[in-house]
$ cat upload_21.txt   # compact mmCIF, C-alpha atoms and all ligand atoms
# COMPACT_ATOMS: atom_id res chain seq x y z
CA MET A 1 -17.80 3.48 -11.12
CA LYS A 2 -15.15 3.79 -13.83
CA ILE A 3 -11.62 3.77 -12.45
CA ASP A 4 -8.68 5.23 -14.31
CA LYS A 5 -5.99 2.51 -14.69
CA ILE A 6 -2.28 3.27 -14.69
CA ASN A 7 0.20 0.64 -15.80
CA ILE A 8 3.61 0.85 -14.17
CA LEU A 9 6.16 -1.91 -14.88
CA GLY A 10 3.40 -4.29 -15.90
CA VAL A 11 1.18 -3.75 -12.88
CA ASN A 12 -2.21 -2.11 -13.44
CA LEU A 13 -2.85 0.37 -10.64
CA ASP A 14 -6.15 2.08 -9.77
CA ASN A 15 -5.95 5.86 -9.88
CA ILE A 16 -8.62 6.35 -7.26
CA GLY A 17 -9.27 8.89 -4.50
CA THR A 18 -9.80 7.96 -0.85
CA GLU A 19 -13.60 8.43 -0.94
CA GLU A 20 -14.05 6.22 -3.99
CA ALA A 21 -11.68 3.61 -2.58
CA LEU A 22 -13.68 3.54 0.67
CA ARG A 23 -16.90 3.08 -1.30
CA LYS A 24 -15.27 0.14 -3.08
CA ILE A 25 -14.39 -1.48 0.25
CA GLU A 26 -17.97 -0.94 1.46
CA ASP A 27 -19.28 -2.55 -1.74
CA PHE A 28 -16.93 -5.51 -1.29
CA CYS A 29 -18.31 -6.01 2.23
CA ASN A 30 -21.84 -6.26 0.83
CA LEU A 31 -21.01 -8.87 -1.78
CA GLU A 32 -20.91 -12.64 -1.51
CA LYS A 33 -17.54 -12.96 -3.29
CA GLN A 34 -14.33 -12.40 -1.31
CA HIS A 35 -12.01 -9.54 -2.34
CA TYR A 36 -8.49 -8.41 -1.60
CA SER A 37 -6.76 -5.11 -1.93
CA VAL A 38 -3.06 -4.30 -2.39
CA THR A 39 -1.04 -1.16 -1.76
CA PRO A 40 1.85 -1.17 -4.25
CA ASN A 41 4.87 1.06 -3.71
CA PRO A 42 8.17 1.22 -5.67
CA GLU A 43 9.75 -1.66 -3.70
CA ILE A 44 6.71 -3.86 -4.34
CA LEU A 45 6.77 -3.19 -8.08
CA LEU A 46 10.50 -3.99 -8.19
CA ALA A 47 9.89 -7.27 -6.36
CA ALA A 48 7.11 -8.08 -8.84
CA GLN A 49 9.58 -7.77 -11.75
CA LYS A 50 11.43 -10.81 -10.47
CA ASP A 51 8.45 -12.84 -9.32
CA ILE A 52 5.68 -13.53 -11.80
CA VAL A 53 3.46 -15.17 -9.16
CA PHE A 54 3.64 -12.01 -7.05
CA LYS A 55 2.99 -9.83 -10.12
CA ASN A 56 -0.12 -11.87 -10.95
CA ILE A 57 -1.36 -11.59 -7.37
CA LEU A 58 -1.00 -7.80 -7.61
CA ASN A 59 -2.74 -7.63 -10.99
CA ASN A 60 -5.58 -9.88 -9.82
CA ALA A 61 -6.30 -7.77 -6.75
CA ASP A 62 -9.73 -6.15 -6.70
CA LEU A 63 -8.30 -2.80 -5.62
CA LYS A 64 -4.71 -1.62 -6.19
CA ILE A 65 -4.17 1.76 -4.59
CA ILE A 66 -1.10 3.86 -5.36
CA ASP A 67 1.07 3.98 -2.23
CA GLY A 68 4.26 5.93 -2.77
CA ALA A 69 5.38 9.24 -4.26
CA GLY A 70 7.66 7.25 -6.58
CA LEU A 71 4.62 5.75 -8.29
CA VAL A 72 2.95 9.14 -8.68
CA TRP A 73 6.16 10.33 -10.35
CA ALA A 74 6.34 7.24 -12.59
CA ALA A 75 2.68 7.58 -13.62
CA TYR A 76 3.27 11.20 -14.62
CA VAL A 77 6.57 10.92 -16.46
CA CYS A 78 5.69 7.75 -18.41
CA LYS A 79 2.38 8.94 -19.82
CA ASN A 80 2.20 8.92 -23.66
CA LEU A 81 5.93 8.56 -24.30
CA SER A 82 7.35 8.59 -27.80
CA LYS A 83 8.45 5.46 -29.69
CA VAL A 84 11.97 6.87 -29.94
CA LYS A 85 13.74 5.58 -26.80
CA ILE A 86 16.50 8.18 -26.71
CA LEU A 87 13.94 10.99 -26.91
CA ASN A 88 12.11 9.54 -23.92
CA ILE A 89 15.11 10.16 -21.67
CA PHE A 90 14.82 13.89 -22.33
CA ILE A 91 11.04 13.86 -21.99
CA ILE A 92 11.31 12.05 -18.63
CA LEU A 93 14.01 14.44 -17.43
CA PHE A 94 11.95 17.48 -18.41
CA ARG A 95 8.78 16.05 -16.81
CA THR A 96 10.71 15.15 -13.65
CA LEU A 97 11.85 18.75 -13.25
CA LYS A 98 8.27 19.92 -13.88
CA PHE A 99 6.99 17.38 -11.35
CA ILE A 100 9.42 18.55 -8.65
CA PHE A 101 8.66 22.21 -9.38
CA TYR A 102 4.88 21.76 -9.21
CA LYS A 103 5.12 19.67 -6.04
CA LEU A 104 7.49 22.13 -4.41
CA PHE A 105 5.32 25.16 -5.06
CA LYS A 106 2.04 23.25 -4.66
CA PHE A 107 0.76 24.33 -8.09
CA LYS A 108 -2.61 22.79 -8.72
CA PHE A 109 -2.75 23.26 -12.53
CA LEU A 110 -1.24 19.86 -13.08
CA THR A 111 -3.14 16.86 -11.77
CA PHE A 112 -1.13 13.90 -10.64
CA ALA A 113 -2.30 10.38 -9.82
CA ASN A 114 -4.01 9.94 -6.44
CA ARG A 115 -1.79 8.62 -3.74
CA ILE A 116 -3.20 6.82 -0.70
CA THR A 117 -0.76 5.35 1.76
CA GLY A 118 -1.58 1.89 3.14
CA VAL A 119 -1.59 3.10 6.74
CA ASP A 120 -3.89 6.06 6.00
CA PHE A 121 -6.24 3.84 4.02
CA MET A 122 -6.36 1.28 6.82
CA LYS A 123 -7.16 4.02 9.35
CA GLU A 124 -9.91 5.49 7.12
CA ILE A 125 -11.49 2.06 6.68
CA CYS A 126 -11.54 1.52 10.45
CA LYS A 127 -12.72 5.05 11.09
CA ARG A 128 -15.58 5.06 8.56
CA ILE A 129 -16.79 1.53 7.84
CA PRO A 130 -18.89 -0.09 10.58
CA ARG A 131 -17.70 -3.68 10.05
CA LYS A 132 -15.90 -6.29 12.13
CA VAL A 133 -12.11 -6.01 11.78
CA PHE A 134 -9.26 -8.46 12.57
CA LEU A 135 -5.56 -7.50 12.70
CA LEU A 136 -3.01 -10.18 11.77
CA GLY A 137 0.77 -9.74 11.99
CA ALA A 138 3.58 -7.62 13.51
CA ILE A 139 5.48 -8.65 16.60
CA ASP A 140 3.72 -9.63 19.84
CA GLY A 141 1.73 -6.85 21.46
CA VAL A 142 1.82 -4.41 18.53
CA ALA A 143 -1.57 -5.28 17.00
CA GLU A 144 -3.21 -5.05 20.48
CA GLU A 145 -1.62 -1.65 21.01
CA ALA A 146 -2.77 -0.48 17.56
CA ILE A 147 -6.32 -1.57 18.40
CA LYS A 148 -6.20 0.27 21.74
CA LYS A 149 -5.04 3.46 20.01
CA MET A 150 -7.82 3.28 17.42
CA GLN A 151 -10.49 2.39 20.00
CA ASN A 152 -9.59 5.55 21.90
CA LEU A 153 -10.43 7.51 18.77
CA ASN A 154 -13.94 6.01 18.54
CA TYR A 155 -13.54 4.55 15.08
CA LYS A 156 -16.74 3.13 13.57
CA CYS A 157 -15.47 -0.40 12.98
CA GLU A 158 -15.57 -3.09 15.64
CA PHE A 159 -12.20 -4.66 16.46
CA VAL A 160 -12.97 -8.32 17.01
CA GLY A 161 -9.51 -9.80 17.36
CA CYS A 162 -5.84 -9.93 16.48
CA PHE A 163 -3.00 -12.42 16.17
CA SER A 164 0.71 -11.60 16.20
CA GLY A 165 3.93 -13.52 16.38
CA ASP A 166 4.65 -16.80 14.61
CA VAL A 167 2.55 -17.22 11.47
CA SER A 168 4.30 -20.28 10.08
CA TYR A 169 2.33 -22.93 8.21
CA GLN A 170 1.74 -24.92 11.42
CA THR A 171 -0.05 -22.06 13.08
CA PHE A 172 -2.50 -21.51 10.21
CA PRO A 173 -5.23 -23.73 11.75
CA LEU A 174 -5.00 -21.65 14.92
CA ILE A 175 -5.20 -18.36 12.99
CA LYS A 176 -8.12 -19.69 10.97
CA LYS A 177 -10.00 -20.71 14.11
CA LYS A 178 -9.41 -17.31 15.75
CA ILE A 179 -10.62 -15.46 12.66
CA GLU A 180 -13.66 -17.71 12.31
CA ILE A 181 -14.67 -17.30 15.95
CA SER A 182 -14.24 -13.53 15.69
CA LYS A 183 -16.69 -13.37 12.73
CA ALA A 184 -14.46 -10.67 11.25
CA GLU A 185 -15.36 -9.28 7.83
CA ILE A 186 -12.27 -7.18 7.14
CA LEU A 187 -8.76 -8.61 7.61
CA PHE A 188 -5.60 -6.51 7.71
CA VAL A 189 -2.41 -8.52 7.25
CA ALA A 190 0.91 -6.97 8.31
CA PHE A 191 3.75 -9.35 7.36
CA GLY A 192 5.48 -6.98 4.92
CA ALA A 193 5.44 -7.50 1.13
CA PRO A 194 5.41 -9.92 -0.63
CA LYS A 195 4.80 -12.30 2.29
CA GLN A 196 1.43 -10.76 3.21
CA GLU A 197 0.09 -10.77 -0.38
CA LEU A 198 1.21 -14.38 -0.93
CA TRP A 199 -0.40 -15.36 2.37
CA ILE A 200 -3.69 -13.70 1.43
CA ALA A 201 -3.70 -15.29 -2.04
CA GLU A 202 -3.10 -18.71 -0.48
CA HIS A 203 -5.46 -18.54 2.48
CA LEU A 204 -8.29 -16.10 1.82
CA HIS A 205 -10.62 -18.76 0.39
CA GLU A 206 -10.25 -20.73 3.64
CA LEU A 207 -11.39 -17.78 5.76
CA LYS A 208 -15.04 -17.85 4.76
CA ASN A 209 -16.27 -14.96 6.91
CA ILE A 210 -13.68 -12.50 5.51
CA LYS A 211 -15.11 -10.24 2.81
CA VAL A 212 -12.03 -8.07 2.26
CA ALA A 213 -8.36 -8.71 3.03
CA MET A 214 -5.56 -6.22 2.64
CA GLY A 215 -1.78 -6.32 3.16
CA VAL A 216 -0.70 -3.27 5.15
CA GLY A 217 3.08 -3.64 5.75
CA GLY A 218 4.27 -1.70 8.77
CA SER A 219 0.90 -0.01 9.46
CA PHE A 220 0.32 -1.63 12.87
CA ASP A 221 3.78 -0.41 13.96
CA TYR A 222 2.88 3.14 12.93
CA ILE A 223 -0.57 3.12 14.51
CA ALA A 224 0.73 1.57 17.74
CA GLY A 225 3.46 4.22 17.82
CA VAL A 226 6.29 1.66 17.80
CA VAL A 227 7.67 3.29 14.63
CA LYS A 228 7.23 7.03 14.08
CA ARG A 229 6.03 8.36 10.73
CA ALA A 230 7.80 11.18 8.97
CA PRO A 231 6.43 14.66 9.76
CA ASN A 232 3.61 15.92 7.51
CA TRP A 233 5.75 18.30 5.47
CA MET A 234 8.16 15.49 4.57
CA ARG A 235 5.27 13.22 3.55
CA LYS A 236 3.84 15.98 1.35
CA PHE A 237 7.08 16.21 -0.58
CA GLY A 238 7.50 12.44 -0.80
CA LEU A 239 10.51 12.46 1.51
CA GLU A 240 9.54 9.65 3.90
CA TRP A 241 12.48 7.68 2.57
CA LEU A 242 14.87 10.36 3.92
CA TYR A 243 13.23 10.26 7.34
CA ARG A 244 13.44 6.46 7.37
CA LEU A 245 17.07 6.58 6.32
CA VAL A 246 17.92 8.75 9.32
CA LYS A 247 15.72 6.81 11.77
CA GLN A 248 16.29 3.28 10.44
CA PRO A 249 19.68 3.34 8.67
CA TRP A 250 19.68 -0.48 8.44
CA ARG A 251 16.95 -0.13 5.79
CA ILE A 252 19.43 1.53 3.42
CA ARG A 253 19.21 -1.29 0.84
CA ARG A 254 15.42 -1.05 0.67
CA ILE A 255 15.56 2.74 0.52
CA PHE A 256 18.16 2.57 -2.27
CA ASN A 257 15.86 0.26 -4.22
CA ALA A 258 12.89 2.61 -3.85
CA VAL A 259 14.72 5.88 -4.49
CA VAL A 260 17.45 4.94 -6.99
CA ARG A 261 16.75 1.52 -8.54
CA PHE A 262 13.05 2.05 -9.11
CA PRO A 263 13.42 5.28 -11.17
CA TRP A 264 16.26 3.64 -13.10
CA VAL A 265 14.14 0.57 -13.95
CA VAL A 266 11.18 2.80 -14.94
CA ILE A 267 13.40 4.86 -17.28
CA ARG A 268 15.02 1.74 -18.76
CA ASN A 269 11.62 0.20 -19.46
CA SER A 270 10.05 3.27 -21.03
N1 LIG B 301 6.22 -9.03 10.04
C1 LIG B 301 5.50 -10.10 10.55
N2 LIG B 301 5.89 -11.36 10.23
C2 LIG B 301 6.94 -11.61 9.39
C3 LIG B 301 7.64 -10.50 8.84
C4 LIG B 301 7.27 -9.22 9.19
O1 LIG B 301 4.54 -9.93 11.29
O2 LIG B 301 7.23 -12.75 9.13
C5 LIG B 301 5.77 -7.66 10.37
C6 LIG B 301 6.80 -6.77 11.01
O3 LIG B 301 6.79 -6.96 12.42
C7 LIG B 301 6.26 -5.40 10.61
C8 LIG B 301 5.62 -5.64 9.25
O4 LIG B 301 5.47 -7.04 9.14
O5 LIG B 301 5.27 -4.98 11.51
C9 LIG B 301 6.44 -5.20 8.04
O6 LIG B 301 6.88 -3.95 8.22
P1 LIG B 301 7.77 -3.18 7.15
O7 LIG B 301 8.21 -1.94 7.83
O8 LIG B 301 8.81 -4.07 6.57
O9 LIG B 301 6.70 -2.89 6.01
P2 LIG B 301 6.60 -1.68 4.99
O10 LIG B 301 5.66 -0.72 5.60
O11 LIG B 301 7.97 -1.15 4.75
O12 LIG B 301 6.02 -2.38 3.78
$ encode --input "upload_21.txt" --output "structure tokens"
Amino acid sequence: MKIDKINILGVNLDNIGTEEALRKIEDFCNLEKQHYSVTPNPEILLAAQKDIVFKNILNNADLKIIDGAGLVWAAYVCKNLSKVKILNIFIILFRTLKFIFYKLFKFKFLTFANRITGVDFMKEICKRIPRKVFLLGAIDGVAEEAIKKMQNLNYKCEFVGCFSGDVSYQTFPLIKKKIEISKAEILFVAFGAPKQELWIAEHLHELKNIKVAMGVGGSFDYIAGVVKRAPNWMRKFGLEWLYRLVKQPWRIRRIFNAVVRFPWVVIRNS
């Protein structure tokens, strides 16, 4: 399967649809080697600019789905730019207007990169892949609640355990033991980025039964219903950030980074 690669700010992303991405996860589960998947969004790519270790972890991931309308925009406006920097500003501006227009009126003549959000991808994996799954992270009780919600929907996977709360270095032996006993094959880690990716890179090789690990940010919170997702129409237009700003105003710094700093850094680097 040949996957179209898109490089944004030095991170090679996989332009892949949900079906193909699911097939990849299934393949990973059948192989001896362990794999991990990442779900980059604008904030993650900004963090990777300042942290080469994190950037390498992202680039070395076996699957890097595009999570975030900002990345779809960046992939579109930065394609085949000219060598003349000043000209690029006008090209990007023109393409941005075209991008907004096509998105707004749902024109299908232009194809943009595939976007799969981490939470949707996690749910699809649980729904469609009949493997043993372990949930690690979020505050006490949230992972259990997320499992309950998904079990009620008769997902195909088997939830074999979860661990929330303190995940400091001292508790690693305990986490390892729980995961080993559970015989889980797929591990979802929800510590937020970059903590979850660094944790996976450091510990995956010690969790021998895990075939695929993936950092999923706030996904358990969404699935458990602790945090509400933006309504569908807002997601379609890439306006989750606005919903989050209203619902979680304390995240303003992170939202500013994703909505203002990220486009600025992309333009400056093109
Ligand atoms: N979290 C955790 N341990 C930590 C830090 C965060 O389990 O040390 C959890 C937190 O409870 C939340 C998730 O990690 O469930 C991160 O959510 P956030 O909304 O920041 O992620 P995003 O979806 O924005 O990447």
$ closest_residue --input "upload_21.txt" --among "A:Val142, A:His203, A:Trp250, A:Glu20" --to "A:Gly218" --atoms "only C-alpha atoms"
A:Val142
$ residues_around --input "upload_21.txt" --residues "A:Leu187" --least-positions-apart "3" --cutoff "6 Å" --atoms "all atoms listed in the file" --output "list in words"
Val133, Phe134 and Ala213 of chain A
$ closest_atom_pairs --input "upload_21.txt" --of "chain A" --to "ligand LIG 301 (chain B)" --cutoff "8 Å" --atoms "only C-alpha atoms and all ligand atoms" --output "CSV"
residue,atom,partner,partner_atom,distance
A:Leu136,CA,B:LIG301,O1,7.6
A:Gly137,CA,B:LIG301,O1,3.8
A:Ala138,CA,B:LIG301,O1,3.3
A:Ile139,CA,B:LIG301,O3,4.7
A:Val142,CA,B:LIG301,O5,7.8
A:Ser164,CA,B:LIG301,O1,6.4
A:Gly165,CA,B:LIG301,O1,6.3
A:Asp166,CA,B:LIG301,N2,7.1
A:Val167,CA,B:LIG301,N2,6.9
A:Ala190,CA,B:LIG301,O4,4.6
A:Phe191,CA,B:LIG301,O4,3.4
A:Gly192,CA,B:LIG301,C9,3.7
A:Ala193,CA,B:LIG301,O12,5.8
A:Lys195,CA,B:LIG301,O2,7.3
A:Val216,CA,B:LIG301,O10,6.9
A:Gly217,CA,B:LIG301,O9,3.7
A:Gly218,CA,B:LIG301,O6,3.5
A:Ser219,CA,B:LIG301,O10,6.2
A:Phe220,CA,B:LIG301,O5,6.1
A:Asp221,CA,B:LIG301,O5,5.4
$ write_last_selection --input "upload_21.txt" --atoms "C-alpha atoms" --output "compact mmCIF listing (two decimals), in the frame of the given file"
# COMPACT_ATOMS: atom_id res chain seq x y z
CA LEU A 136 -3.01 -10.18 11.77
CA GLY A 137 0.77 -9.74 11.99
CA ALA A 138 3.58 -7.62 13.51
CA ILE A 139 5.48 -8.65 16.60
CA VAL A 142 1.82 -4.41 18.53
CA SER A 164 0.71 -11.60 16.20
CA GLY A 165 3.93 -13.52 16.38
CA ASP A 166 4.65 -16.80 14.61
CA VAL A 167 2.55 -17.22 11.47
CA ALA A 190 0.91 -6.97 8.31
CA PHE A 191 3.75 -9.35 7.36
CA GLY A 192 5.48 -6.98 4.92
CA ALA A 193 5.44 -7.50 1.13
CA LYS A 195 4.80 -12.30 2.29
CA VAL A 216 -0.70 -3.27 5.15
CA GLY A 217 3.08 -3.64 5.75
CA GLY A 218 4.27 -1.70 8.77
CA SER A 219 0.90 -0.01 9.46
CA PHE A 220 0.32 -1.63 12.87
CA ASP A 221 3.78 -0.41 13.96
$ closest_residue --input "upload_21.txt" --among "A:Gly10, A:Pro40, A:Pro263, A:Gly70" --to "A:Gly215" --atoms "all atoms listed in the file"
A:Pro40
$ residues_near_point --input "upload_21.txt" --point "(5.5, 4.3, -2.7)" --cutoff "12 Å" --atoms "all atoms listed in the file" --output "mmCIF file with C-alpha atoms, in the coordinates of the input"
data_model
loop_
_atom_site.group_PDB
_atom_site.id
_atom_site.type_symbol
_atom_site.label_atom_id
_atom_site.label_comp_id
_atom_site.auth_asym_id
_atom_site.auth_seq_id
_atom_site.Cartn_x
_atom_site.Cartn_y
_atom_site.Cartn_z
ATOM 1 C CA THR A 39 -1.040 -1.160 -1.760
ATOM 2 C CA PRO A 40 1.850 -1.170 -4.250
ATOM 3 C CA ASN A 41 4.870 1.060 -3.710
ATOM 4 C CA PRO A 42 8.170 1.220 -5.670
ATOM 5 C CA GLU A 43 9.750 -1.660 -3.700
ATOM 6 C CA ILE A 44 6.710 -3.860 -4.340
ATOM 7 C CA LEU A 45 6.770 -3.190 -8.080
ATOM 8 C CA LEU A 46 10.500 -3.990 -8.190
ATOM 9 C CA ILE A 65 -4.170 1.760 -4.590
ATOM 10 C CA ILE A 66 -1.100 3.860 -5.360
ATOM 11 C CA ASP A 67 1.070 3.980 -2.230
ATOM 12 C CA GLY A 68 4.260 5.930 -2.770
ATOM 13 C CA ALA A 69 5.380 9.240 -4.260
ATOM 14 C CA GLY A 70 7.660 7.250 -6.580
ATOM 15 C CA LEU A 71 4.620 5.750 -8.290
ATOM 16 C CA VAL A 72 2.950 9.140 -8.680
ATOM 17 C CA TRP A 73 6.160 10.330 -10.350
ATOM 18 C CA ALA A 74 6.340 7.240 -12.590
ATOM 19 C CA ALA A 75 2.680 7.580 -13.620
ATOM 20 C CA ASN A 114 -4.010 9.940 -6.440
ATOM 21 C CA ARG A 115 -1.790 8.620 -3.740
ATOM 22 C CA ILE A 116 -3.200 6.820 -0.700
ATOM 23 C CA THR A 117 -0.760 5.350 1.760
ATOM 24 C CA GLY A 118 -1.580 1.890 3.140
ATOM 25 C CA VAL A 119 -1.590 3.100 6.740
ATOM 26 C CA GLY A 217 3.080 -3.640 5.750
ATOM 27 C CA ARG A 235 5.270 13.220 3.550
ATOM 28 C CA GLY A 238 7.500 12.440 -0.800
ATOM 29 C CA LEU A 239 10.510 12.460 1.510
ATOM 30 C CA GLU A 240 9.540 9.650 3.900
ATOM 31 C CA TRP A 241 12.480 7.680 2.570
ATOM 32 C CA ARG A 254 15.420 -1.050 0.670
ATOM 33 C CA ILE A 255 15.560 2.740 0.520
ATOM 34 C CA ASN A 257 15.860 0.260 -4.220
ATOM 35 C CA ALA A 258 12.890 2.610 -3.850
ATOM 36 C CA VAL A 259 14.720 5.880 -4.490
ATOM 37 C CA PHE A 262 13.050 2.050 -9.110
ATOM 38 C CA PRO A 263 13.420 5.280 -11.170
#
$ closest_residue --input "upload_21.txt" --among "A:Asn88, A:Gly225, A:Ala143, A:Leu174" --to "A:Val160" --atoms "only C-alpha atoms"
A:Ala143
$ closest_residue --input "upload_21.txt" --among "A:Leu153, A:Ile147, A:Ile129, A:Ile175" --to "A:Ile25" --atoms "all atoms listed in the file"
A:Ile129
$ residues_near_point --input "upload_21.txt" --point "(2.8, 3.5, -16.2)" --cutoff "6 Å" --atoms "only C-alpha atoms" --output "MDAnalysis selection string"
chainID A and resid 6:8 75 78
$ residues_around --input "upload_21.txt" --residues "A:Pro130" --least-positions-apart "3" --cutoff "8 Å" --atoms "all atoms listed in the file" --output "list in words"
Cys126, Lys156, Cys157 and Glu158 of chain A
$ closest_residue --input "upload_21.txt" --among "A:Asn60, A:Gln196, A:Lys79, A:Lys50" --to "A:Ala113" --atoms "all atoms listed in the file"
A:Lys79
$ closest_residue --input "upload_21.txt" --among "A:Leu58, A:Ala224, A:Ala47, A:Leu63" --to "A:Ile16" --atoms "all atoms listed in the file"
A:Leu63
$ atom_distance --input "upload_21.txt" --atom1 "atom CA of A:Lys178" --atom2 "atom CA of A:Lys24"
26.3 Å
$ axis_aligned_box --input "upload_21.txt" --around "stretch 246-260 of chain A" --padding-each-side "5 Å" --output "AutoDock Vina command-line options"
--center_x 16.3 --center_y 3.7 --center_z 2.4 --size_x 16.8 --size_y 20.0 --size_z 28.8
$ atom_distance --input "upload_21.txt" --atom1 "atom CA of A:Ser82" --atom2 "atom CA of A:Val266"
14.6 Å
$ atom_distance --input "upload_21.txt" --atom1 "atom CA of A:Leu135" --atom2 "atom CA of A:Phe188"
5.1 Å
$ residues_around --input "upload_21.txt" --residues "A:Ser182" --least-positions-apart "2" --cutoff "10 Å" --atoms "all atoms listed in the file" --output "number ranges by chain"
A: 132-134, 159-162, 176-180, 184-185, 209
$ residues_around --input "upload_21.txt" --residues "A:Ile89" --least-positions-apart "2" --cutoff "12 Å" --atoms "only C-alpha atoms" --output "list in words"
Val77, Cys78, Leu81, Ser82, Lys83, Val84, Lys85, Ile86, Leu87, Ile91, Ile92, Leu93, Phe94, Arg95, Thr96, Pro263, Trp264, Val266, Ile267, Arg268, Asn269 and Ser270 of chain A
$ decode --input "upload_21.txt" --residues "stretch 70-83 of chain A" --atoms "N, CA and C atoms" --output "PDB file, in the first residue's frame"
ATOM      1  N   GLY A  70      -6.097  22.601  10.694  1.00  0.00           N
ATOM      2  CA  GLY A  70      -4.933  23.447  10.434  1.00  0.00           C
ATOM      3  C   GLY A  70      -3.896  22.731   9.573  1.00  0.00           C
ATOM      4  N   LEU A  71      -3.762  21.432   9.767  1.00  0.00           N
ATOM      5  CA  LEU A  71      -2.788  20.672   8.983  1.00  0.00           C
ATOM      6  C   LEU A  71      -3.289  20.457   7.556  1.00  0.00           C
ATOM      7  N   VAL A  72      -4.595  20.293   7.412  1.00  0.00           N
ATOM      8  CA  VAL A  72      -5.170  20.130   6.069  1.00  0.00           C
ATOM      9  C   VAL A  72      -4.928  21.428   5.280  1.00  0.00           C
ATOM     10  N   TRP A  73      -5.146  22.547   5.971  1.00  0.00           N
ATOM     11  CA  TRP A  73      -4.880  23.861   5.357  1.00  0.00           C
ATOM     12  C   TRP A  73      -3.407  23.982   4.961  1.00  0.00           C
ATOM     13  N   ALA A  74      -2.516  23.654   5.902  1.00  0.00           N
ATOM     14  CA  ALA A  74      -1.074  23.794   5.654  1.00  0.00           C
ATOM     15  C   ALA A  74      -0.641  22.909   4.482  1.00  0.00           C
ATOM     16  N   ALA A  75      -1.161  21.684   4.445  1.00  0.00           N
ATOM     17  CA  ALA A  75      -0.789  20.751   3.369  1.00  0.00           C
ATOM     18  C   ALA A  75      -1.212  21.321   2.016  1.00  0.00           C
ATOM     19  N   TYR A  76      -2.367  21.974   1.979  1.00  0.00           N
ATOM     20  CA  TYR A  76      -2.875  22.516   0.718  1.00  0.00           C
ATOM     21  C   TYR A  76      -2.101  23.768   0.288  1.00  0.00           C
ATOM     22  N   VAL A  77      -1.950  24.712   1.214  1.00  0.00           N
ATOM     23  CA  VAL A  77      -1.350  25.990   0.793  1.00  0.00           C
ATOM     24  C   VAL A  77       0.160  25.896   0.540  1.00  0.00           C
ATOM     25  N   CYS A  78       0.823  24.908   1.107  1.00  0.00           N
ATOM     26  CA  CYS A  78       2.292  24.836   0.960  1.00  0.00           C
ATOM     27  C   CYS A  78       2.753  23.932  -0.168  1.00  0.00           C
ATOM     28  N   LYS A  79       1.795  23.381  -0.917  1.00  0.00           N
ATOM     29  CA  LYS A  79       2.185  22.445  -1.983  1.00  0.00           C
ATOM     30  C   LYS A  79       2.837  23.206  -3.140  1.00  0.00           C
ATOM     31  N   ASN A  80       3.972  22.718  -3.619  1.00  0.00           N
ATOM     32  CA  ASN A  80       4.689  23.281  -4.781  1.00  0.00           C
ATOM     33  C   ASN A  80       4.783  24.810  -4.745  1.00  0.00           C
ATOM     34  N   LEU A  81       5.355  25.350  -3.708  1.00  0.00           N
ATOM     35  CA  LEU A  81       5.506  26.814  -3.648  1.00  0.00           C
ATOM     36  C   LEU A  81       6.691  27.251  -4.501  1.00  0.00           C
ATOM     37  N   SER A  82       6.711  28.543  -4.795  1.00  0.00           N
ATOM     38  CA  SER A  82       7.800  29.053  -5.640  1.00  0.00           C
ATOM     39  C   SER A  82       9.067  29.265  -4.796  1.00  0.00           C
ATOM     40  N   LYS A  83      10.189  29.515  -5.474  1.00  0.00           N
ATOM     41  CA  LYS A  83      11.444  29.740  -4.727  1.00  0.00           C
ATOM     42  C   LYS A  83      11.527  31.189  -4.249  1.00  0.00           C
TER      43      LYS A  83
END
